[in-house]
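Here the structure is laid out as structure tokens; the discussion comes afterwards.
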Amino acid sequence: MKLTANIVDIKNREIYPAQITITEDKITAIKRVQEDCKSYILPGFIDAHIHIESSMLIPSQFARLALSYGTVATLSDPHEIANVLGIEGIEYMLEDAKKTPLKIYFGASPCVPATPFETNGATLNAKDIDKLLARDDIYYLSEVMNFPGVINGDSDMLAKIASAKRHNKPVDGHAPGVSGEDLQKYIDAGVQTDHEAFSYNEGLEKIQKGMKIQIREGSAAKNYEALHPLIDQHYKKLMFCSDDKHPDDLAKGHINELVKRAVADGHDLFDVLQIASLNPIEHYNLSVGKLEIGDDADFIEVNNLKDFNILQTVIQGEVVYKKDTPLFFEQNTKIPNKFVIQKKNIQDYDMHNICEKYNVIHAIEGELITKSSKEILQNSKGKVLADLDNDLLFISVTNRYKEQKPTLSIIQGFGLKEGAIASSVAHDSHNIIAVGCDAKSIQSVVNAVISSKGGIAAVNAQGELKHLPLPVAGIMSNEDAFEVAKEYESINNFVKKRLKSSLNAPFMTLSFMALLVIPEIKISDKGVFDAKSFHFIQECTQ
């Protein structure tokens, strides 16, 4: 195969018309030509940190969307499915990923469970992680979320990091807000990257201490605006990532959106493209082509260097996306799961009036972190009432792995004026998390999720129910990616327009309200949790 276009040579920082010759899966020649070329060929984009499960798509379906936006590779942490199914879940992701030409590089997930303060479906100990890291198809130690454990010398966490060092594989970090001496201890333990920086100063300190920063722009956490000023001076220490991207957002764009945005903001084109492709290749030692002779023929052709509209995506010499169409076939897949509970009663979601003041979780648009307060709520017949005028709603977590009473608390920030929403995509243990205005609505959406052994659901005050089943581990669909994205968008719009949620991505924000390793206050199936001091909070405060 031969292609003629303007070549974007990131390494030598020049653009010139040339003819590329591809023999089998390799670039065998790049010959300069004297032609007026209209399109541009450049290395494909790489998502340096993503949980594919958060797209609610299995890897082979995720790829159909990602390839259409010029993504040729991902660094994928499978800890979502690992928290449900353990090594069986990781094996599932590895096998399904083989059905797609997208180069998906999986890591070994060291925090399964993320904390001992919630119920999940599996545990990966230090021996399990060592066995995974010994495999050729596991490329790095995934995000070390238990940063307090590392800082305080937890033997299990340090053993997992030691395994990565022994196998000569990179170590990914997760250290929101960590600075000073604690940050230095974390880095000295061997952690090399971080995708949780949410301010310029935090990102700069981590870079200055030797870390590489993955600038994250996902469906809930959006840190580009705060971190992009780092690009001009520190582009060699940066990568782009999504972390968690729901299907409706993935259907609109991927890493290409960050590239386009950074170039529009005036950052040097070659700096931006190095961040989007060469930096992750070199940091993780990936077998992804850099558009050089002898490389794998992995590249994209775009219409221009402003819009970066993808004309075609090529991986190992094969055109895998062209003219708005993924060029590989769908295949049947298994449907593993672990979902054992029965439907719940309305009384399970009644919050009894036993407190003078109640702890309130404050969700924040575009952030994974939360704030907290203590509030007085009205009651009737011994039951607490939601305060819709002040956006004080009920939040619950229902254990999916065994029968037990759901936990309940109060949350602010969702803005619902009626009904409820629920999801079994609830990082990281993936129990059923719900926010609603009343017990009946919460019961309705939780039972819908239970009936399909996983999914998202929303209901309004009239009982109109919207539901997207996620039968693969209770967190993914094996249906067509484009249809899943369309259905998700429909339910998301129902929540925003009919239930009046004030959030841009209510289900994505909901999914992080149970993530105990990110401050300030979260909720698990065991209770309300202070993520700064790592202990449960009493329901009542005086």
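Within each chain, counting starts at residue 1; across the structure tokens, chains are named A, B, ... in the order shown, with ligands numbered 1 upward in that order.
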Per residue of region 10-91 of chain A within 12 Å of region 271-277 of chain A, record the nearest atom pair and its distance in Å to one decimal, counting only C-alpha atoms, with rows in chain order and ascending residue number, as CSV.
```
residue,atom,partner,partner_atom,distance
A:Ile10,CA,A:Gln274,CA,6.6
A:Lys11,CA,A:Gln274,CA,8.2
A:Asn12,CA,A:Gln274,CA,11.2
A:Arg13,CA,A:Asp271,CA,9.2
A:Ile41,CA,A:Leu273,CA,12.0
A:Leu42,CA,A:Leu273,CA,8.6
A:Pro43,CA,A:Ser277,CA,6.5
A:Gly44,CA,A:Ser277,CA,6.5
A:Phe45,CA,A:Ser277,CA,5.2
A:Ile46,CA,A:Ser277,CA,5.5
A:Asp47,CA,A:Ala276,CA,7.6
A:Ala48,CA,A:Ala276,CA,8.4
A:His49,CA,A:Ala276,CA,11.8
A:Gly70,CA,A:Ala276,CA,10.7
A:Thr71,CA,A:Ser277,CA,9.4
A:Val72,CA,A:Ser277,CA,9.3
A:Ala73,CA,A:Ser277,CA,9.1
A:Thr74,CA,A:Ser277,CA,10.4
A:Leu75,CA,A:Ser277,CA,11.8
```
Write a file of the selected residues as a compact mmCIF listing (two decimals), in the first residue's frame, keeping C-alpha atoms.
```
# COMPACT_ATOMS: atom_id res chain seq x y z
CA ILE A 10 6.95 15.09 15.34
CA LYS A 11 10.48 13.97 16.13
CA ASN A 12 12.15 16.32 13.62
CA ARG A 13 9.43 18.97 13.93
CA ILE A 41 -0.67 11.89 8.09
CA LEU A 42 0.50 11.78 11.70
CA PRO A 43 1.00 9.23 14.48
CA GLY A 44 -2.25 7.96 16.00
CA PHE A 45 -3.48 9.22 19.34
CA ILE A 46 -3.05 7.32 22.62
CA ASP A 47 -5.22 7.49 25.73
CA ALA A 48 -2.61 7.19 28.48
CA HIS A 49 -5.07 6.15 31.19
CA GLY A 70 -7.91 8.50 15.57
CA THR A 71 -7.10 6.55 18.74
CA VAL A 72 -4.71 3.72 17.90
CA ALA A 73 -3.84 2.59 21.44
CA THR A 74 -4.93 2.84 25.06
CA LEU A 75 -3.36 2.21 28.44
```
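Residues of region 385-415 of chain A assigned to strand (DSSP E or B) by DSSP on this structure's backbone: A:Asp387, A:Leu392, A:Leu393, A:Phe394, A:Ile395, A:Ser396, A:Val397, A:Thr398, A:Thr407, A:Leu408, A:Ser409, A:Ile410, A:Ile411, A:Gln412.
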Would you save the residues of that selection, restricted to C-alpha atoms, as an mmCIF file, in the first residue's frame?
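So the final result, stored in part_2.cif, reads:
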```
data_model
loop_
_atom_site.group_PDB
_atom_site.id
_atom_site.type_symbol
_atom_site.label_atom_id
_atom_site.label_comp_id
_atom_site.auth_asym_id
_atom_site.auth_seq_id
_atom_site.Cartn_x
_atom_site.Cartn_y
_atom_site.Cartn_z
ATOM 1 C CA ASP A 387 -35.555 19.294 50.672
ATOM 2 C CA LEU A 392 -30.916 18.021 49.659
ATOM 3 C CA LEU A 393 -31.695 14.568 48.293
ATOM 4 C CA PHE A 394 -31.286 10.970 49.434
ATOM 5 C CA ILE A 395 -28.325 8.863 48.361
ATOM 6 C CA SER A 396 -28.107 5.126 48.900
ATOM 7 C CA VAL A 397 -25.749 2.236 48.215
ATOM 8 C CA THR A 398 -27.168 -1.278 47.868
ATOM 9 C CA THR A 407 -26.922 2.514 53.435
ATOM 10 C CA LEU A 408 -28.556 5.947 53.265
ATOM 11 C CA SER A 409 -27.347 9.524 53.516
ATOM 12 C CA ILE A 410 -28.001 13.012 52.145
ATOM 13 C CA ILE A 411 -26.429 14.561 49.052
ATOM 14 C CA GLN A 412 -26.441 17.995 47.444
#
```
Distance query Ser199 (chain A) at most 8 Å, only C-alpha atoms, self and fewer than 5 positions along chain excluded, as a list in words: Asn223, Ala226 and Leu227 of chain A
Spatial neighbours of region 474-482 of chain A, 10 Å, only C-alpha atoms, chain gap at least 3 places, as a VMD selection string: chain A and resid 52 to 65 80 to 81 84 247 to 248 250 to 251 330 to 339 400 423 to 426 430 to 432 449 to 450 452 to 456 468 to 471 485 to 488
Straight-line distance linking CA of Leu516 (chain A) with CA of Asn83 (chain A), stated in Å to one decimal: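 Calculated distance between CA of Leu516 (chain A) and CA of Asn83 (chain A) is 13.9 Å.
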Selection near Asn309 (chain A), 10 Å with only C-alpha atoms, sequence-local residues under 5 positions removed, as a list of chain:residue names: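 Using only C-alpha atoms, the neighbours found are A:Ser68, A:Tyr69, A:Gly70, A:Asn256, A:Glu257, A:Lys260, A:Ile300, A:Glu301, A:Val302, A:Asn303, A:Asn304.
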Just-selected residues, C-alpha atoms written as a short mmCIF file (atom, residue, chain, number, x, y, z; two decimals), in the first residue's frame:
```
data_model
loop_
_atom_site.label_atom_id
_atom_site.label_comp_id
_atom_site.auth_asym_id
_atom_site.auth_seq_id
_atom_site.Cartn_x
_atom_site.Cartn_y
_atom_site.Cartn_z
CA SER A 68 -13.23 6.72 14.56
CA TYR A 69 -11.46 9.51 16.43
CA GLY A 70 -7.91 8.50 15.57
CA ASN A 256 -8.61 14.12 19.29
CA GLU A 257 -10.73 16.64 21.20
CA LYS A 260 -7.80 20.16 18.85
CA ILE A 300 -4.06 8.52 11.07
CA GLU A 301 -4.95 10.75 8.15
CA VAL A 302 -6.72 14.01 8.99
CA ASN A 303 -8.27 16.78 6.91
CA ASN A 304 -6.24 19.60 8.50
#
```
Shell around Tyr358 (chain A) at 12 Å using only C-alpha atoms, local window under 3 positions removed, as a PyMOL selection string: chain A and resi 351-355+361+372-378+384-386+392-394+408-412+528+537-542
Just-selected residues, N, CA and C atoms written as a PDB file, in the first residue's frame:
```
ATOM      1  N   MET A 351     -35.573   6.819  55.294  1.00  0.00           N
ATOM      2  CA  MET A 351     -34.562   7.315  56.224  1.00  0.00           C
ATOM      3  C   MET A 351     -35.287   7.824  57.467  1.00  0.00           C
ATOM      4  N   HIS A 352     -35.026   7.190  58.596  1.00  0.00           N
ATOM      5  CA  HIS A 352     -35.743   7.507  59.823  1.00  0.00           C
ATOM      6  C   HIS A 352     -35.141   8.725  60.517  1.00  0.00           C
ATOM      7  N   ASN A 353     -36.003   9.515  61.102  1.00  0.00           N
ATOM      8  CA  ASN A 353     -35.596  10.763  61.746  1.00  0.00           C
ATOM      9  C   ASN A 353     -35.027  10.484  63.135  1.00  0.00           C
ATOM     10  N   ILE A 354     -33.708  10.350  63.202  1.00  0.00           N
ATOM     11  CA  ILE A 354     -33.067  10.065  64.485  1.00  0.00           C
ATOM     12  C   ILE A 354     -31.958  11.072  64.804  1.00  0.00           C
ATOM     13  N   CYS A 355     -31.795  12.069  63.946  1.00  0.00           N
ATOM     14  CA  CYS A 355     -30.679  13.006  64.106  1.00  0.00           C
ATOM     15  C   CYS A 355     -31.166  14.453  64.213  1.00  0.00           C
ATOM     16  N   ILE A 361     -23.207  15.076  51.670  1.00  0.00           N
ATOM     17  CA  ILE A 361     -22.161  14.970  50.651  1.00  0.00           C
ATOM     18  C   ILE A 361     -22.462  16.013  49.574  1.00  0.00           C
ATOM     19  N   SER A 372     -18.317  18.608  52.275  1.00  0.00           N
ATOM     20  CA  SER A 372     -19.291  18.107  53.235  1.00  0.00           C
ATOM     21  C   SER A 372     -19.842  19.248  54.084  1.00  0.00           C
ATOM     22  N   SER A 373     -21.014  19.016  54.639  1.00  0.00           N
ATOM     23  CA  SER A 373     -21.617  19.951  55.592  1.00  0.00           C
ATOM     24  C   SER A 373     -22.565  19.176  56.490  1.00  0.00           C
ATOM     25  N   LYS A 374     -23.151  19.873  57.444  1.00  0.00           N
ATOM     26  CA  LYS A 374     -24.144  19.273  58.336  1.00  0.00           C
ATOM     27  C   LYS A 374     -25.410  20.113  58.239  1.00  0.00           C
ATOM     28  N   GLU A 375     -26.552  19.460  58.003  1.00  0.00           N
ATOM     29  CA  GLU A 375     -27.785  20.174  57.745  1.00  0.00           C
ATOM     30  C   GLU A 375     -28.943  19.592  58.558  1.00  0.00           C
ATOM     31  N   ILE A 376     -29.900  20.475  58.890  1.00  0.00           N
ATOM     32  CA  ILE A 376     -31.158  20.058  59.513  1.00  0.00           C
ATOM     33  C   ILE A 376     -32.162  19.775  58.400  1.00  0.00           C
ATOM     34  N   LEU A 377     -32.899  18.656  58.503  1.00  0.00           N
ATOM     35  CA  LEU A 377     -33.919  18.317  57.515  1.00  0.00           C
ATOM     36  C   LEU A 377     -35.279  18.162  58.188  1.00  0.00           C
ATOM     37  N   GLN A 378     -36.311  18.421  57.427  1.00  0.00           N
ATOM     38  CA  GLN A 378     -37.674  18.246  57.925  1.00  0.00           C
ATOM     39  C   GLN A 378     -38.022  16.767  57.944  1.00  0.00           C
ATOM     40  N   VAL A 384     -37.407  11.117  57.437  1.00  0.00           N
ATOM     41  CA  VAL A 384     -36.765  12.317  56.911  1.00  0.00           C
ATOM     42  C   VAL A 384     -37.324  12.636  55.521  1.00  0.00           C
ATOM     43  N   LEU A 385     -37.479  13.914  55.239  1.00  0.00           N
ATOM     44  CA  LEU A 385     -37.965  14.361  53.939  1.00  0.00           C
ATOM     45  C   LEU A 385     -36.840  15.042  53.160  1.00  0.00           C
ATOM     46  N   ALA A 386     -36.807  14.786  51.866  1.00  0.00           N
ATOM     47  CA  ALA A 386     -35.871  15.514  51.016  1.00  0.00           C
ATOM     48  C   ALA A 386     -36.273  16.987  50.970  1.00  0.00           C
ATOM     49  N   LEU A 392     -31.358  19.028  48.694  1.00  0.00           N
ATOM     50  CA  LEU A 392     -30.916  18.021  49.659  1.00  0.00           C
ATOM     51  C   LEU A 392     -31.716  16.756  49.387  1.00  0.00           C
ATOM     52  N   LEU A 393     -31.052  15.792  48.754  1.00  0.00           N
ATOM     53  CA  LEU A 393     -31.695  14.568  48.293  1.00  0.00           C
ATOM     54  C   LEU A 393     -31.133  13.364  49.035  1.00  0.00           C
ATOM     55  N   PHE A 394     -31.770  12.217  48.828  1.00  0.00           N
ATOM     56  CA  PHE A 394     -31.286  10.970  49.434  1.00  0.00           C
ATOM     57  C   PHE A 394     -30.274  10.305  48.504  1.00  0.00           C
ATOM     58  N   LEU A 408     -27.862   4.735  53.693  1.00  0.00           N
ATOM     59  CA  LEU A 408     -28.556   5.947  53.265  1.00  0.00           C
ATOM     60  C   LEU A 408     -27.850   7.177  53.812  1.00  0.00           C
ATOM     61  N   SER A 409     -27.864   8.242  53.048  1.00  0.00           N
ATOM     62  CA  SER A 409     -27.347   9.524  53.516  1.00  0.00           C
ATOM     63  C   SER A 409     -28.008  10.631  52.697  1.00  0.00           C
ATOM     64  N   ILE A 410     -27.472  11.842  52.837  1.00  0.00           N
ATOM     65  CA  ILE A 410     -28.001  13.012  52.145  1.00  0.00           C
ATOM     66  C   ILE A 410     -26.934  13.561  51.212  1.00  0.00           C
ATOM     67  N   ILE A 411     -27.372  14.010  50.034  1.00  0.00           N
ATOM     68  CA  ILE A 411     -26.429  14.561  49.052  1.00  0.00           C
ATOM     69  C   ILE A 411     -26.983  15.851  48.464  1.00  0.00           C
ATOM     70  N   GLN A 412     -26.089  16.738  48.101  1.00  0.00           N
ATOM     71  CA  GLN A 412     -26.441  17.995  47.444  1.00  0.00           C
ATOM     72  C   GLN A 412     -25.610  18.133  46.175  1.00  0.00           C
ATOM     73  N   VAL A 528     -21.211   6.089  55.555  1.00  0.00           N
ATOM     74  CA  VAL A 528     -20.630   7.343  55.065  1.00  0.00           C
ATOM     75  C   VAL A 528     -19.177   7.403  55.524  1.00  0.00           C
ATOM     76  N   ILE A 537     -18.062   7.881  59.251  1.00  0.00           N
ATOM     77  CA  ILE A 537     -18.631   9.011  59.970  1.00  0.00           C
ATOM     78  C   ILE A 537     -19.954   8.594  60.583  1.00  0.00           C
ATOM     79  N   GLN A 538     -20.177   8.984  61.817  1.00  0.00           N
ATOM     80  CA  GLN A 538     -21.461   8.696  62.441  1.00  0.00           C
ATOM     81  C   GLN A 538     -22.562   9.430  61.684  1.00  0.00           C
ATOM     82  N   GLU A 539     -23.717   8.766  61.554  1.00  0.00           N
ATOM     83  CA  GLU A 539     -24.819   9.348  60.797  1.00  0.00           C
ATOM     84  C   GLU A 539     -25.278  10.670  61.396  1.00  0.00           C
ATOM     85  N   CYS A 540     -25.323  10.744  62.712  1.00  0.00           N
ATOM     86  CA  CYS A 540     -25.855  11.937  63.372  1.00  0.00           C
ATOM     87  C   CYS A 540     -24.742  12.850  63.867  1.00  0.00           C
ATOM     88  N   THR A 541     -24.987  14.147  63.771  1.00  0.00           N
ATOM     89  CA  THR A 541     -24.076  15.129  64.352  1.00  0.00           C
ATOM     90  C   THR A 541     -24.901  16.112  65.165  1.00  0.00           C
ATOM     91  N   GLN A 542     -24.322  16.610  66.214  1.00  0.00           N
ATOM     92  CA  GLN A 542     -25.052  17.548  67.083  1.00  0.00           C
ATOM     93  C   GLN A 542     -24.727  18.991  66.731  1.00  0.00           C
TER      94      GLN A 542
END
```
Please produce, as a Markdown table, a per-residue contact table for region 118-208 of chain A versus region 94-109 of chain A (criterion: any atom at most 7 Å away, only C-alpha atoms considered), showing the nearest atom pair and its distance in Å to one decimal, sorted by chain then residue number.
```
| residue | atom | partner | partner_atom | distance |
| --- | --- | --- | --- | --- |
| A:Ile129 | CA | A:Ala108 | CA | 6.2 |
| A:Leu132 | CA | A:Ala108 | CA | 6.1 |
| A:Leu133 | CA | A:Ala108 | CA | 6.4 |
| A:Ile138 | CA | A:Gly107 | CA | 5.2 |
| A:Tyr139 | CA | A:Gly107 | CA | 5.4 |
| A:Tyr140 | CA | A:Gly107 | CA | 4.7 |
| A:Leu141 | CA | A:Ala108 | CA | 5.0 |
| A:Ser142 | CA | A:Ser109 | CA | 5.0 |
| A:Glu143 | CA | A:Ser109 | CA | 7.0 |
```
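Interatomic distance, CA of Thr28 (chain A) to CA of Lys290 (chain A): 13.0 Å.
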Residue neighbourhood region 125-128 of chain A, 12 Å, only C-alpha atoms, exclusion window fewer than 3 positions, as a ChimeraX atom specification: /A:82,86-88,90,108-114,122,131-135,141,154-164
Suppose we keep N, CA and C atoms; can you now write the selection as a CSV table (one decimal), in the first residue's frame?
```csv
chain,number,residue,atom,x,y,z
A,82,ALA,N,-12.2,-6.0,37.5
A,82,ALA,CA,-11.4,-6.8,38.5
A,82,ALA,C,-12.1,-6.8,39.9
A,86,GLY,N,-12.4,-10.3,39.7
A,86,GLY,CA,-11.0,-10.6,39.9
A,86,GLY,C,-10.3,-11.0,38.6
A,87,ILE,N,-9.4,-11.9,38.7
A,87,ILE,CA,-8.6,-12.3,37.5
A,87,ILE,C,-9.4,-12.8,36.4
A,88,GLU,N,-10.6,-13.4,36.7
A,88,GLU,CA,-11.5,-13.8,35.6
A,88,GLU,C,-12.0,-12.6,34.8
A,90,ILE,N,-10.3,-9.8,34.4
A,90,ILE,CA,-9.1,-9.3,33.6
A,90,ILE,C,-8.9,-10.2,32.4
A,108,ALA,N,-1.9,-4.4,35.5
A,108,ALA,CA,-2.3,-5.2,36.7
A,108,ALA,C,-2.9,-4.3,37.8
A,109,SER,N,-4.1,-4.5,38.2
A,109,SER,CA,-4.8,-3.6,39.1
A,109,SER,C,-4.4,-3.9,40.6
A,110,PRO,N,-3.7,-3.0,41.3
A,110,PRO,CA,-3.1,-3.3,42.6
A,110,PRO,C,-4.1,-3.0,43.7
A,111,CYS,N,-5.2,-2.3,43.4
A,111,CYS,CA,-6.2,-1.9,44.5
A,111,CYS,C,-7.5,-2.6,44.3
A,112,VAL,N,-7.5,-3.9,44.5
A,112,VAL,CA,-8.8,-4.7,44.4
A,112,VAL,C,-8.9,-5.5,45.6
A,113,PRO,N,-9.7,-5.0,46.6
A,113,PRO,CA,-10.5,-3.8,46.5
A,113,PRO,C,-9.7,-2.5,46.7
A,114,ALA,N,-10.3,-1.4,46.4
A,114,ALA,CA,-9.6,-0.1,46.6
A,114,ALA,C,-9.4,0.2,48.1
A,122,ALA,N,-14.1,-9.4,44.6
A,122,ALA,CA,-12.9,-10.1,44.5
A,122,ALA,C,-11.7,-9.4,45.1
A,131,LYS,N,1.9,-12.5,39.6
A,131,LYS,CA,1.7,-13.4,38.5
A,131,LYS,C,1.2,-12.7,37.2
A,132,LEU,N,0.4,-11.6,37.5
A,132,LEU,CA,-0.1,-10.9,36.3
A,132,LEU,C,1.0,-10.1,35.7
A,133,LEU,N,1.9,-9.5,36.5
A,133,LEU,CA,3.0,-8.7,36.0
A,133,LEU,C,4.0,-9.5,35.2
A,134,ALA,N,4.0,-10.8,35.5
A,134,ALA,CA,5.0,-11.7,34.9
A,134,ALA,C,4.5,-12.0,33.4
A,135,ARG,N,3.3,-11.7,33.1
A,135,ARG,CA,2.7,-12.0,31.8
A,135,ARG,C,3.2,-11.0,30.8
A,141,LEU,N,1.9,-1.7,36.2
A,141,LEU,CA,1.1,-1.7,37.4
A,141,LEU,C,0.2,-0.5,37.3
A,154,ASP,N,2.5,0.5,53.9
A,154,ASP,CA,1.7,-0.7,53.9
A,154,ASP,C,2.5,-1.8,53.1
A,155,SER,N,2.7,-2.9,53.7
A,155,SER,CA,3.5,-4.0,53.2
A,155,SER,C,2.9,-4.6,51.9
A,156,ASP,N,1.6,-4.7,51.8
A,156,ASP,CA,0.9,-5.2,50.6
A,156,ASP,C,1.2,-4.3,49.4
A,157,MET,N,0.9,-3.0,49.6
A,157,MET,CA,1.1,-2.1,48.5
A,157,MET,C,2.6,-2.0,48.1
A,158,LEU,N,3.5,-2.0,49.0
A,158,LEU,CA,4.9,-1.9,48.7
A,158,LEU,C,5.3,-3.2,48.0
A,159,ALA,N,4.8,-4.3,48.3
A,159,ALA,CA,5.1,-5.6,47.6
A,159,ALA,C,4.7,-5.5,46.2
A,160,LYS,N,3.5,-5.0,45.9
A,160,LYS,CA,3.0,-4.9,44.6
A,160,LYS,C,3.9,-3.9,43.7
A,161,ILE,N,4.3,-2.8,44.3
A,161,ILE,CA,5.2,-1.9,43.6
A,161,ILE,C,6.5,-2.6,43.3
A,162,ALA,N,7.0,-3.3,44.3
A,162,ALA,CA,8.3,-4.1,44.2
A,162,ALA,C,8.2,-5.1,43.0
A,163,SER,N,7.0,-5.7,42.8
A,163,SER,CA,6.8,-6.7,41.7
A,163,SER,C,7.0,-6.0,40.4
A,164,ALA,N,6.4,-4.8,40.3
A,164,ALA,CA,6.5,-4.0,39.0
A,164,ALA,C,8.0,-3.7,38.7
```
Alpha helix (DSSP H) residues, from DSSP on the backbone, in region 10-194 of chain A, as a PyMOL selection string: chain A and resi 59-66+79-85+87-97+126-133+147-151+155-166+180-188
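If only C-alpha atoms are the atoms counted, then among A:Phe270, A:Leu368, A:His254, A:Arg166 the closest residue to Glu14 (chain A) is A:Phe270.
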Computed interatomic separation between CA of Met513 (chain A) and CA of Ile369 (chain A) (Å):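 Pair CA of Met513 (chain A) / CA of Ile369 (chain A) returns 8.8 Å.
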